[in-house]
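One file, data14.cif, carrying mmCIF, C-alpha atoms:
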data_final
loop_
_atom_site.label_atom_id
_atom_site.label_comp_id
_atom_site.auth_asym_id
_atom_site.auth_seq_id
_atom_site.Cartn_x
_atom_site.Cartn_y
_atom_site.Cartn_z
CA MET A 1 10.20 -2.28 -20.54
CA PRO A 2 10.31 -2.29 -16.72
CA ARG A 3 7.21 -1.45 -14.75
CA PHE A 4 7.46 -0.02 -11.26
CA SER A 5 5.00 0.11 -8.40
CA ALA A 6 4.87 2.79 -5.74
CA ASN A 7 5.62 1.53 -2.24
CA LEU A 8 3.13 3.57 -0.24
CA SER A 9 4.93 2.74 3.00
CA MET A 10 8.02 4.54 1.72
CA LEU A 11 6.76 7.14 -0.76
CA PHE A 12 4.48 10.16 -0.38
CA GLY A 13 5.12 10.43 3.38
CA GLU A 14 3.76 13.95 3.35
CA HIS A 15 0.29 12.40 2.97
CA GLU A 16 -1.72 10.18 5.29
CA PHE A 17 -1.67 6.53 4.17
CA LEU A 18 -5.08 6.53 2.47
CA ASP A 19 -4.25 9.74 0.58
CA ARG A 20 -1.09 8.18 -0.85
CA PHE A 21 -3.13 6.17 -3.37
CA GLU A 22 -4.20 9.36 -5.12
CA ALA A 23 -0.67 10.76 -4.95
CA ALA A 24 0.69 7.60 -6.58
CA ALA A 25 -1.90 7.76 -9.35
CA HIS A 26 -1.11 11.43 -9.99
CA ALA A 27 2.60 10.55 -10.20
CA GLY A 28 1.80 8.08 -12.99
CA PHE A 29 1.94 4.79 -11.10
CA ARG A 30 -0.55 2.06 -11.97
CA GLY A 31 0.46 -0.36 -9.22
CA VAL A 32 1.08 0.07 -5.51
CA GLU A 33 2.48 -1.97 -2.66
CA TYR A 34 2.71 -1.41 1.09
CA ILE A 35 4.09 -3.08 4.17
CA GLY A 36 1.12 -3.16 6.49
CA PRO A 37 -2.34 -1.83 5.63
CA TYR A 38 -3.88 -3.39 8.75
CA ASP A 39 -4.96 -0.13 10.37
CA HIS A 40 -7.59 0.18 7.62
CA ALA A 41 -10.49 -2.06 6.67
CA PRO A 42 -9.89 -4.07 3.47
CA GLU A 43 -12.97 -2.47 1.92
CA VAL A 44 -11.52 1.00 2.47
CA VAL A 45 -8.20 0.07 0.86
CA ALA A 46 -10.02 -1.61 -2.05
CA ALA A 47 -12.11 1.53 -2.57
CA ARG A 48 -8.97 3.69 -2.77
CA LEU A 49 -7.43 1.31 -5.29
CA LYS A 50 -10.56 1.37 -7.46
CA LYS A 51 -11.10 5.14 -7.16
CA ASN A 52 -7.56 5.79 -8.38
CA GLY A 53 -7.38 3.07 -11.04
CA LEU A 54 -4.58 1.26 -9.24
CA THR A 55 -3.62 -2.39 -8.91
CA GLN A 56 -2.40 -3.81 -5.63
CA VAL A 57 0.88 -5.48 -6.53
CA LEU A 58 1.73 -6.86 -3.08
CA PHE A 59 1.47 -6.34 0.64
CA ASN A 60 3.20 -7.99 3.57
CA LEU A 61 1.46 -10.40 5.90
CA PRO A 62 1.39 -9.55 9.61
CA ALA A 63 4.80 -10.15 11.16
CA GLY A 64 3.39 -11.78 14.27
CA ASP A 65 4.62 -11.21 17.81
CA TRP A 66 8.38 -10.84 17.42
CA GLY A 67 8.83 -10.85 21.20
CA LYS A 68 7.45 -14.40 21.26
CA GLY A 69 9.63 -15.52 18.36
CA GLU A 70 6.90 -15.33 15.71
CA ARG A 71 8.12 -14.35 12.25
CA GLY A 72 5.00 -14.03 10.14
#
How does this structure look as structure tokens?
Amino acid sequence: MPRFSANLSMLFGEHEFLDRFEAAAHAGFRGVEYIGPYDHAPEVVAARLKKNGLTQVLFNLPAGDWGKGERG
């Protein structure tokens, strides 16, 4: 049976990023992913995961300075 994770960068846009963890849990997701959580301390993100019983499935590394040709 397939299992899906909620991409918090794309879903629940009516909520601020940190509130999307709770929204995902209420929608029945057990795993989440996101593009760039870097505006928030890792401890804050970890606390939201734990509080809502979620697993972090993946997140993207910083893309670097695209203007200088960096690509992650």
Could you tell me how far CA of Glu70 (chain A) sits from CA of Pro37 (chain A), in Å to one decimal place?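 These two atoms are separated by 19.2 Å.
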For the provided coordinates, the residues matched by the PyMOL selection byres ((chain A and resi 58-68) around 8) should be stated as an MDAnalysis selection string. chainID A and resid 32:37 56:57 69:72
What does the file look like for those residues with C-alpha atoms, as a PDB file, keeping the file's coordinate frame?
ATOM      1  CA  VAL A  32       1.080   0.070  -5.510  1.00  0.00           C
ATOM      2  CA  GLU A  33       2.480  -1.970  -2.660  1.00  0.00           C
ATOM      3  CA  TYR A  34       2.710  -1.410   1.090  1.00  0.00           C
ATOM      4  CA  ILE A  35       4.090  -3.080   4.170  1.00  0.00           C
ATOM      5  CA  GLY A  36       1.120  -3.160   6.490  1.00  0.00           C
ATOM      6  CA  PRO A  37      -2.340  -1.830   5.630  1.00  0.00           C
ATOM      7  CA  GLN A  56      -2.400  -3.810  -5.630  1.00  0.00           C
ATOM      8  CA  VAL A  57       0.880  -5.480  -6.530  1.00  0.00           C
ATOM      9  CA  GLY A  69       9.630 -15.520  18.360  1.00  0.00           C
ATOM     10  CA  GLU A  70       6.900 -15.330  15.710  1.00  0.00           C
ATOM     11  CA  ARG A  71       8.120 -14.350  12.250  1.00  0.00           C
ATOM     12  CA  GLY A  72       5.000 -14.030  10.140  1.00  0.00           C
TER      13      GLY A  72
END
re CA of Val45 (chain A) and CA of Pro2 (chain A): distance 25.6 Å
Show me the residues close to (-6.7, 0.4, -14.0) - anything with an atom within 12 Å, counting only C-alpha atoms - and format the list as a PyMOL selection string. chain A and resi 25+28-32+48-56
Separation of CA of Ala41 (chain A) from CA of Arg3 (chain A), in Å and rounded to one decimal: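 Atom-to-atom, CA of Ala41 (chain A) and CA of Arg3 (chain A) are spaced 27.8 Å apart.
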Exactly which residues make up the result of the PyMOL selection byres ((chain A and resi 17) around 12) on this file, given as a list in words?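 When the PyMOL selection byres ((chain A and resi 17) around 12) is applied to the shown file, the picked residues are Asn7, Leu8, Ser9, Met10, Leu11, Phe12, Gly13, Glu14, His15, Glu16, Leu18, Asp19, Arg20, Phe21, Glu22, Ala23, Ala24, Val32, Glu33, Tyr34, Ile35, Gly36, Pro37, Tyr38, Asp39, His40, Val44, Val45 and Arg48 of chain A.
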